[in-house]
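The file entry.cif comes next; it holds mmCIF, C-alpha atoms and all ligand atoms.
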data_protein
#
loop_
_atom_site.label_atom_id
_atom_site.label_comp_id
_atom_site.auth_asym_id
_atom_site.auth_seq_id
_atom_site.Cartn_x
_atom_site.Cartn_y
_atom_site.Cartn_z
CA MET A 25 7.11 24.11 -5.72
CA GLU A 26 9.99 21.69 -5.38
CA GLY A 27 9.72 18.03 -4.47
CA TRP A 28 11.39 14.67 -4.55
CA ILE A 29 9.98 11.22 -5.08
CA LEU A 30 11.81 8.42 -3.32
CA TYR A 31 11.61 5.35 -5.56
CA LYS A 32 13.43 2.07 -6.06
CA GLN A 33 15.16 3.37 -9.18
CA ARG A 34 16.96 6.58 -10.07
CA GLN A 35 15.34 8.94 -12.58
CA SER A 36 17.67 7.99 -15.44
CA GLU A 37 16.66 4.34 -15.06
CA ILE A 38 12.90 4.88 -15.25
CA SER A 39 11.42 3.30 -18.35
CA THR A 40 8.22 4.34 -20.12
CA GLU A 41 6.43 1.33 -18.57
CA LYS A 42 6.65 2.87 -15.11
CA TYR A 43 3.24 4.48 -15.47
CA GLU A 44 3.05 6.28 -12.12
CA MET A 45 6.54 7.79 -12.28
CA ASN A 46 5.98 9.03 -15.82
CA ARG A 47 2.60 10.54 -14.88
CA PHE A 48 4.10 12.37 -11.90
CA LEU A 49 6.91 13.79 -14.06
CA GLN A 50 4.52 14.76 -16.85
CA VAL A 51 2.03 16.55 -14.58
CA ALA A 52 4.83 18.24 -12.60
CA GLU A 53 6.26 19.63 -15.81
CA GLN A 54 2.85 20.92 -16.93
CA ARG A 55 2.40 22.66 -13.59
CA GLY A 56 5.91 24.08 -13.32
CA ILE A 57 6.76 21.94 -10.30
CA SER A 58 10.39 20.95 -10.02
CA LEU A 59 10.24 17.20 -9.36
CA LYS A 60 13.15 14.80 -9.05
CA ILE A 61 13.02 11.04 -8.68
CA LEU A 62 15.74 9.70 -6.41
CA CYS A 63 16.56 6.24 -5.16
CA PRO A 64 17.72 5.61 -1.59
CA GLU A 65 21.17 4.46 -2.69
CA GLN A 66 21.94 7.99 -3.91
CA PHE A 67 21.86 9.30 -0.34
CA ASP A 68 24.56 9.38 2.29
CA LEU A 69 23.04 9.97 5.68
CA LEU A 70 25.23 12.14 7.81
CA VAL A 71 23.68 12.75 11.19
CA ASN A 72 25.04 15.75 13.03
CA ARG A 73 23.85 18.87 14.81
CA ASP A 74 24.96 21.56 12.42
CA ASP A 75 23.73 21.42 8.87
CA ASN A 76 19.99 21.06 8.62
CA LYS A 77 19.43 22.57 5.20
CA SER A 78 20.99 19.96 2.95
CA VAL A 79 21.74 16.29 2.45
CA ILE A 80 24.43 14.45 0.52
CA ILE A 81 23.17 13.07 -2.78
CA ASP A 82 25.59 11.48 -5.26
CA ASP A 83 28.45 12.89 -3.15
CA ASN A 84 27.16 16.49 -3.36
CA TYR A 85 25.52 18.62 -0.71
CA THR A 86 22.02 19.25 -2.05
CA GLN A 87 19.39 21.73 -0.86
CA LEU A 88 16.32 20.19 0.70
CA PRO A 89 13.03 20.20 -1.25
CA GLN A 90 9.67 21.38 0.11
CA PHE A 91 8.11 17.94 -0.01
CA LEU A 92 8.92 14.27 -0.32
CA LEU A 93 6.71 11.55 -1.81
CA PRO A 94 7.97 8.10 -0.83
CA ARG A 95 6.78 5.61 -3.48
CA GLN A 96 8.07 2.20 -2.47
CA GLY A 97 5.01 1.06 -0.57
CA ALA A 98 5.12 -2.38 1.04
CA SER A 99 8.60 -3.01 -0.32
CA THR A 100 10.15 0.00 1.47
CA PRO A 101 13.39 -1.43 2.92
CA TYR A 102 15.18 -0.26 6.05
CA PHE A 103 17.53 1.98 4.10
CA SER A 104 14.63 3.89 2.53
CA LEU A 105 12.88 4.29 5.86
CA ALA A 106 16.11 5.73 7.26
CA VAL A 107 16.27 8.24 4.39
CA ILE A 108 12.62 9.25 4.86
CA ARG A 109 13.09 9.67 8.63
CA HIS A 110 16.22 11.72 8.08
CA LEU A 111 14.41 14.09 5.71
CA GLU A 112 11.45 14.32 8.11
CA ARG A 113 13.80 15.27 10.94
CA LEU A 114 15.28 17.99 8.73
CA GLY A 115 11.77 19.40 8.28
CA VAL A 116 10.81 18.12 4.82
CA ASN A 117 7.04 17.55 4.54
CA THR A 118 6.59 13.90 3.74
CA PHE A 119 3.49 12.29 2.25
CA ASN A 120 3.20 9.62 3.60
CA SER A 121 5.18 9.73 6.82
CA SER A 122 7.75 7.06 7.62
CA GLN A 123 5.65 5.99 10.60
CA SER A 124 2.54 5.31 8.52
CA ILE A 125 4.53 3.53 5.79
CA GLU A 126 6.03 1.27 8.42
CA ILE A 127 2.62 0.42 9.89
CA VAL A 128 0.93 -0.55 6.63
CA LYS A 129 3.94 -2.51 5.42
CA ASP A 130 2.90 -5.01 8.08
CA LYS A 131 -0.50 -6.52 7.28
CA LEU A 132 -0.94 -7.99 10.75
CA TYR A 133 -0.06 -4.74 12.52
CA THR A 134 -2.50 -2.87 10.25
CA GLN A 135 -5.29 -5.30 11.15
CA GLN A 136 -4.39 -5.05 14.86
CA ILE A 137 -4.72 -1.27 14.79
CA LEU A 138 -7.98 -1.40 12.84
CA ALA A 139 -9.51 -4.13 15.01
CA ALA A 140 -8.60 -2.22 18.18
CA ASP A 141 -10.60 0.70 16.77
CA ASN A 142 -13.58 -1.54 15.95
CA PHE A 143 -13.24 -1.50 12.18
CA PRO A 144 -14.74 -4.49 10.35
CA VAL A 145 -11.77 -6.73 9.49
CA PRO A 146 -11.49 -10.38 8.45
CA ARG A 147 -10.52 -12.72 11.32
CA THR A 148 -6.74 -12.86 11.12
CA MET A 149 -4.01 -14.69 13.01
CA LEU A 150 -0.24 -14.88 12.87
CA ALA A 151 1.01 -18.31 11.77
CA ARG A 152 2.92 -20.05 14.57
CA TYR A 153 4.96 -23.18 14.01
CA PRO A 154 4.02 -25.95 14.23
CA LEU A 155 0.60 -24.92 12.96
CA ASN A 156 -2.38 -25.89 15.06
CA ILE A 157 -4.74 -26.79 12.22
CA GLN A 158 -7.55 -27.71 14.62
CA LEU A 159 -7.39 -24.26 16.20
CA ILE A 160 -7.40 -22.62 12.76
CA LYS A 161 -10.45 -24.71 11.83
CA GLU A 162 -12.29 -23.65 14.97
CA THR A 163 -11.34 -19.97 15.08
CA ILE A 164 -11.12 -19.03 11.41
CA GLY A 165 -12.65 -21.92 9.46
CA PHE A 166 -11.77 -23.08 5.95
CA PRO A 167 -11.25 -21.86 3.28
CA ILE A 168 -8.52 -19.56 4.53
CA VAL A 169 -6.21 -17.04 2.89
CA VAL A 170 -2.49 -17.25 3.70
CA LYS A 171 -0.53 -14.02 3.22
CA THR A 172 3.02 -12.87 3.69
CA ILE A 173 3.18 -10.11 6.33
CA SER A 174 4.45 -7.72 3.71
CA GLY A 175 3.53 -7.88 0.06
CA SER A 176 1.83 -6.22 -2.87
CA GLN A 177 0.29 -6.96 -6.26
CA GLY A 178 -1.19 -10.17 -4.90
CA SER A 179 2.11 -12.04 -5.08
CA GLY A 180 2.18 -13.20 -1.45
CA VAL A 181 -1.48 -14.21 -1.19
CA PHE A 182 -2.66 -17.83 -1.37
CA LEU A 183 -6.03 -19.55 -0.96
CA CYS A 184 -6.23 -22.83 0.99
CA GLU A 185 -9.61 -24.50 0.47
CA LYS A 186 -9.03 -27.36 2.93
CA PRO A 187 -6.81 -28.19 5.90
CA GLY A 188 -4.83 -30.57 3.66
CA HIS A 189 -3.89 -27.68 1.36
CA LEU A 190 -2.56 -25.72 4.30
CA GLU A 191 -0.48 -28.71 5.42
CA ASP A 192 0.95 -29.09 1.91
CA LEU A 193 1.75 -25.38 1.69
CA MET A 194 3.49 -25.40 5.07
CA GLN A 195 5.55 -28.45 4.09
CA LEU A 196 6.59 -26.71 0.90
CA LEU A 197 7.61 -23.55 2.79
CA ASP A 198 9.47 -25.64 5.32
CA THR A 199 11.39 -27.51 2.62
CA ALA A 200 12.18 -24.25 0.85
CA LYS A 201 13.47 -22.96 4.21
CA THR A 202 11.32 -19.86 3.94
CA GLN A 203 11.76 -17.88 7.11
CA ALA A 204 9.03 -15.34 6.35
CA ASN A 205 6.15 -14.73 8.70
CA PHE A 206 2.62 -15.39 7.47
CA ILE A 207 -0.86 -14.43 8.46
CA ILE A 208 -3.84 -16.71 8.19
CA GLN A 209 -7.08 -14.97 7.36
CA GLU A 210 -10.74 -15.72 7.00
CA PHE A 211 -11.70 -16.01 3.33
CA VAL A 212 -14.48 -13.50 2.78
CA LYS A 213 -16.55 -15.62 0.39
CA THR A 214 -18.87 -12.94 -0.95
CA SER A 215 -15.78 -11.09 -2.16
CA LYS A 216 -14.39 -14.00 -4.15
CA GLY A 217 -12.89 -12.58 -7.32
CA HIS A 218 -13.79 -8.96 -6.74
CA ASP A 219 -13.15 -6.11 -4.33
CA VAL A 220 -13.24 -2.32 -4.07
CA ARG A 221 -10.23 -0.01 -4.21
CA VAL A 222 -10.74 3.40 -2.64
CA PHE A 223 -8.20 6.12 -3.36
CA ILE A 224 -7.74 8.63 -0.56
CA VAL A 225 -5.86 11.92 -0.70
CA GLY A 226 -5.79 14.24 2.28
CA GLY A 227 -8.72 12.62 4.09
CA ARG A 228 -11.01 12.63 1.03
CA VAL A 229 -12.14 9.82 -1.24
CA VAL A 230 -10.99 11.02 -4.65
CA ALA A 231 -11.86 7.91 -6.67
CA CYS A 232 -13.32 4.47 -6.17
CA MET A 233 -13.39 1.42 -8.40
CA GLU A 234 -14.43 -2.20 -8.38
CA ARG A 235 -11.75 -4.68 -9.41
CA ILE A 236 -12.80 -7.97 -10.96
CA ALA A 237 -10.27 -10.80 -10.95
CA ARG A 238 -9.10 -12.52 -14.09
CA TYR A 239 -10.79 -15.87 -14.65
CA GLY A 240 -9.29 -18.61 -12.48
CA THR A 241 -7.99 -16.49 -9.60
CA PHE A 242 -9.64 -14.95 -6.55
CA LYS A 243 -7.20 -12.03 -6.42
CA ALA A 244 -8.63 -8.87 -7.91
CA ASN A 245 -5.40 -6.86 -8.19
CA PHE A 246 -5.24 -4.72 -11.35
CA SER A 247 -1.58 -5.65 -11.71
CA ARG A 248 -2.63 -9.31 -11.99
CA GLY A 249 -4.89 -8.57 -14.91
CA GLY A 250 -8.02 -7.65 -12.95
CA LYS A 251 -10.67 -5.63 -14.81
CA VAL A 252 -11.67 -2.29 -13.32
CA LYS A 253 -14.77 -0.12 -13.35
CA ALA A 254 -15.82 3.00 -11.47
CA PHE A 255 -17.78 2.17 -8.33
CA PRO A 256 -20.30 4.47 -6.60
CA ILE A 257 -18.98 6.07 -3.41
CA SER A 258 -21.57 5.31 -0.75
CA LYS A 259 -21.52 6.94 2.68
CA GLU A 260 -20.37 3.64 4.14
CA ILE A 261 -17.40 3.42 1.76
CA GLU A 262 -16.53 7.02 2.44
CA TRP A 263 -16.63 6.66 6.21
CA LEU A 264 -14.81 3.35 6.28
CA ALA A 265 -12.03 4.33 3.92
CA THR A 266 -11.41 7.86 5.19
CA ASP A 267 -11.49 6.74 8.81
CA CYS A 268 -9.17 3.87 8.04
CA ALA A 269 -6.65 6.23 6.39
CA ARG A 270 -6.97 8.60 9.35
CA VAL A 271 -6.33 5.91 11.96
CA LEU A 272 -3.32 4.67 10.01
CA ASN A 273 -2.09 8.23 9.52
CA LEU A 274 -2.01 8.00 5.74
CA ASP A 275 -2.35 11.21 3.70
CA ILE A 276 -2.34 9.23 0.48
CA ALA A 277 -3.82 5.74 0.57
CA GLY A 278 -5.30 2.93 -1.43
CA ILE A 279 -7.75 1.14 0.81
CA ASP A 280 -8.91 -2.31 -0.32
CA LEU A 281 -12.41 -3.30 0.80
CA LEU A 282 -13.84 -6.81 0.59
CA PHE A 283 -17.53 -7.34 -0.13
CA ASP A 284 -18.99 -8.84 3.01
CA GLY A 285 -22.62 -9.51 2.11
CA GLU A 286 -24.29 -6.10 1.97
CA SER A 287 -21.38 -4.52 3.82
CA PHE A 288 -17.56 -4.39 3.66
CA LYS A 289 -14.48 -5.61 5.49
CA ILE A 290 -11.13 -3.87 5.27
CA CYS A 291 -8.61 -6.01 3.42
CA GLU A 292 -5.53 -3.82 3.53
CA ALA A 293 -4.14 -0.31 3.18
CA ASN A 294 -1.48 0.69 0.68
CA SER A 295 0.81 3.65 1.27
CA SER A 296 1.84 4.15 -2.34
CA PRO A 297 -1.06 2.86 -4.40
CA GLY A 298 -0.67 2.49 -8.15
CA PHE A 299 -3.14 4.53 -10.18
CA LYS A 300 -3.04 3.25 -13.74
CA GLY A 301 -6.24 1.26 -13.17
CA ILE A 302 -8.13 3.99 -11.39
CA GLU A 303 -7.16 6.66 -13.95
CA SER A 304 -8.38 4.33 -16.71
CA CYS A 305 -11.93 4.03 -15.34
CA CYS A 306 -12.50 7.15 -13.22
CA ASP A 307 -12.30 10.66 -14.55
CA ILE A 308 -9.32 11.73 -12.48
CA SER A 309 -5.68 12.77 -12.65
CA ILE A 310 -4.14 11.41 -9.45
CA PRO A 311 -0.86 13.39 -9.66
CA ASP A 312 -2.90 16.62 -10.05
CA VAL A 313 -4.97 15.78 -6.96
CA ILE A 314 -1.83 14.93 -4.96
CA PHE A 315 -0.07 18.16 -6.02
CA ASP A 316 -3.23 20.19 -5.22
CA PHE A 317 -3.30 18.64 -1.75
CA ILE A 318 0.40 19.24 -1.12
CA LYS A 319 0.06 22.85 -2.26
CA ILE A 320 -2.63 23.46 0.31
CA ARG A 321 -0.83 21.57 3.06
CA LEU A 322 2.33 23.59 2.46
CA GLY A 323 0.38 26.83 2.31
CA ILE A 324 1.70 27.70 -1.15
N1 LIG A 401 -9.59 -12.44 3.21
C1 LIG A 401 -9.85 -12.38 1.90
N2 LIG A 401 -11.02 -12.86 1.41
C2 LIG A 401 -11.29 -12.79 0.07
N3 LIG A 401 -10.45 -12.29 -0.85
C3 LIG A 401 -9.26 -11.78 -0.41
C4 LIG A 401 -8.91 -11.80 0.99
N4 LIG A 401 -7.70 -11.26 1.13
C5 LIG A 401 -7.30 -10.90 -0.10
N5 LIG A 401 -8.22 -11.22 -1.04
C6 LIG A 401 -8.09 -10.98 -2.48
O1 LIG A 401 -6.72 -11.02 -2.81
C7 LIG A 401 -6.27 -9.73 -3.28
C8 LIG A 401 -4.86 -9.45 -2.77
O2 LIG A 401 -4.85 -9.39 -1.34
P1 LIG A 401 -4.13 -8.24 -0.54
O3 LIG A 401 -4.15 -8.59 0.90
O4 LIG A 401 -4.71 -6.93 -0.92
O5 LIG A 401 -2.61 -8.39 -1.06
P2 LIG A 401 -1.69 -7.39 -1.89
O6 LIG A 401 -1.05 -6.53 -0.86
O7 LIG A 401 -0.70 -8.28 -2.56
O8 LIG A 401 -2.57 -6.62 -2.83
C9 LIG A 401 -7.31 -8.75 -2.80
O9 LIG A 401 -7.35 -7.62 -3.63
C10 LIG A 401 -8.59 -9.58 -2.86
O10 LIG A 401 -9.11 -9.64 -4.18
MG MG A 402 -4.11 -5.25 -2.15
#

Represent the structure from my file as structure tokens, please.
Amino acid sequence: MEGWILYKQRQSEISTEKYEMNRFLQVAEQRGISLKILCPEQFDLLVNRDDNKSVIIDDNYTQLPQFLLPRQGASTPYFSLAVIRHLERLGVNTFNSSQSIEIVKDKLYTQQILAADNFPVPRTMLARYPLNIQLIKETIGFPIVVKTISGSQGSGVFLCEKPGHLEDLMQLLDTAKTQANFIIQEFVKTSKGHDVRVFIVGGRVVACMERIARYGTFKANFSRGGKVKAFPISKEIEWLATDCARVLNLDIAGIDLLFDGESFKICEANSSPGFKGIESCCDISIPDVIFDFIKIRLGI
């Protein structure tokens, strides 16, 4: 089997701290899979009608692989999307597809798709300037969570306890001339400081963990120092998370669920979820599961 990973760095630049990349390379080697990590800047995209067996990488025509694993998640820039689309058009099997990566990059669009299909989601609105704080109070109610449209590792997520905090935040963003779009979301109180991460591969829940935020923050991301422990996979979790991945067209997904009383609300979907946390608390090798899935999907 031969595959490429599309990542923000080239293979020679990957340090030992890049857990996921090192795990993929290690497992690929054990299994005799030829795996290369490439960054988008190594590609030249030549669009024509003739050659559909190769692409130009580092100035050389290179044979296409059997599969592509894009691993830039929410920070996939236009150039990477163009590379992924190009390879898809040339027939390379891509997990996940450019279309699904583009959807989940946008947290509002993701919620729109899920809400239209009746999934339980937190009340969410797009920030419009000037902000109508009264409307936000009436429709969403404080506290609220403010999020950048695109983001990961909790860096673009902020809790506003009171209307005054939101005003202060907006003034700050205005002064800093931040042009980014934001969403304003209901704060799901029963999930304060913890949530559930469900790992999906090929329509199956392969692992599930609870993440508990570090003291002093409400964000449970593992990358922000959250503690993790295996969490039982109930039917509800299984249905919610697998259906969510299906609707968003994700073959590989990290679905974040918020505790909503006895039930759950869908927080977000990630197209290239990290797996250091989940491998540390669940008995699983994520690269093995992903390669097993790809093998079956490619009929190898
Ligand atoms: N509406 C919410 N109510 C309660 N907690 C939330 C809410 N949204 C996010 N969180 C917390 O913040 C964390 C980060 O939010 P998320 O939208 O997943 O951003 P990121 O893409 O940066 O991971 C979540 O894992 C969860 O712990
Ligand atoms: Mg998240």

Check: Nearest to ligand LIG 401 (chain A) among A:Arg34, A:Arg238, A:Lys243, A:Lys259, with distances taken over only C-alpha atoms and all ligand atoms: which residue is it?
Finding: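 Of all the options, A:Lys243 lies closest to ligand LIG 401 (chain A).
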
Fill in: Option closest in space to ligand MG 402 (chain A), from A:Asp280, A:Asp219, A:Glu41, A:Asp82 [counting only C-alpha atoms and all ligand atoms]
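For ligand MG 402 (chain A), the nearest of the given residues is A:Asp280.
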
Kindly work out which residues sit at most 7 Å from ligand MG 402 (chain A), using only C-alpha atoms and all ligand atoms, and give the list as number ranges by chain. A: 176-178, 245, 280, 292

From the options A:Gln96, A:Asn205, A:Asn117, A:Ser104, which residue's atoms come nearest to A:Met149, counting only C-alpha atoms?
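Selected residue with least distance to A:Met149: A:Asn205.
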
Residue with the minimum atom-to-atom distance to A:Phe283, picked from A:Tyr31, A:Phe48, A:Tyr85, A:Phe211 with only C-alpha atoms counted, is A:Phe211
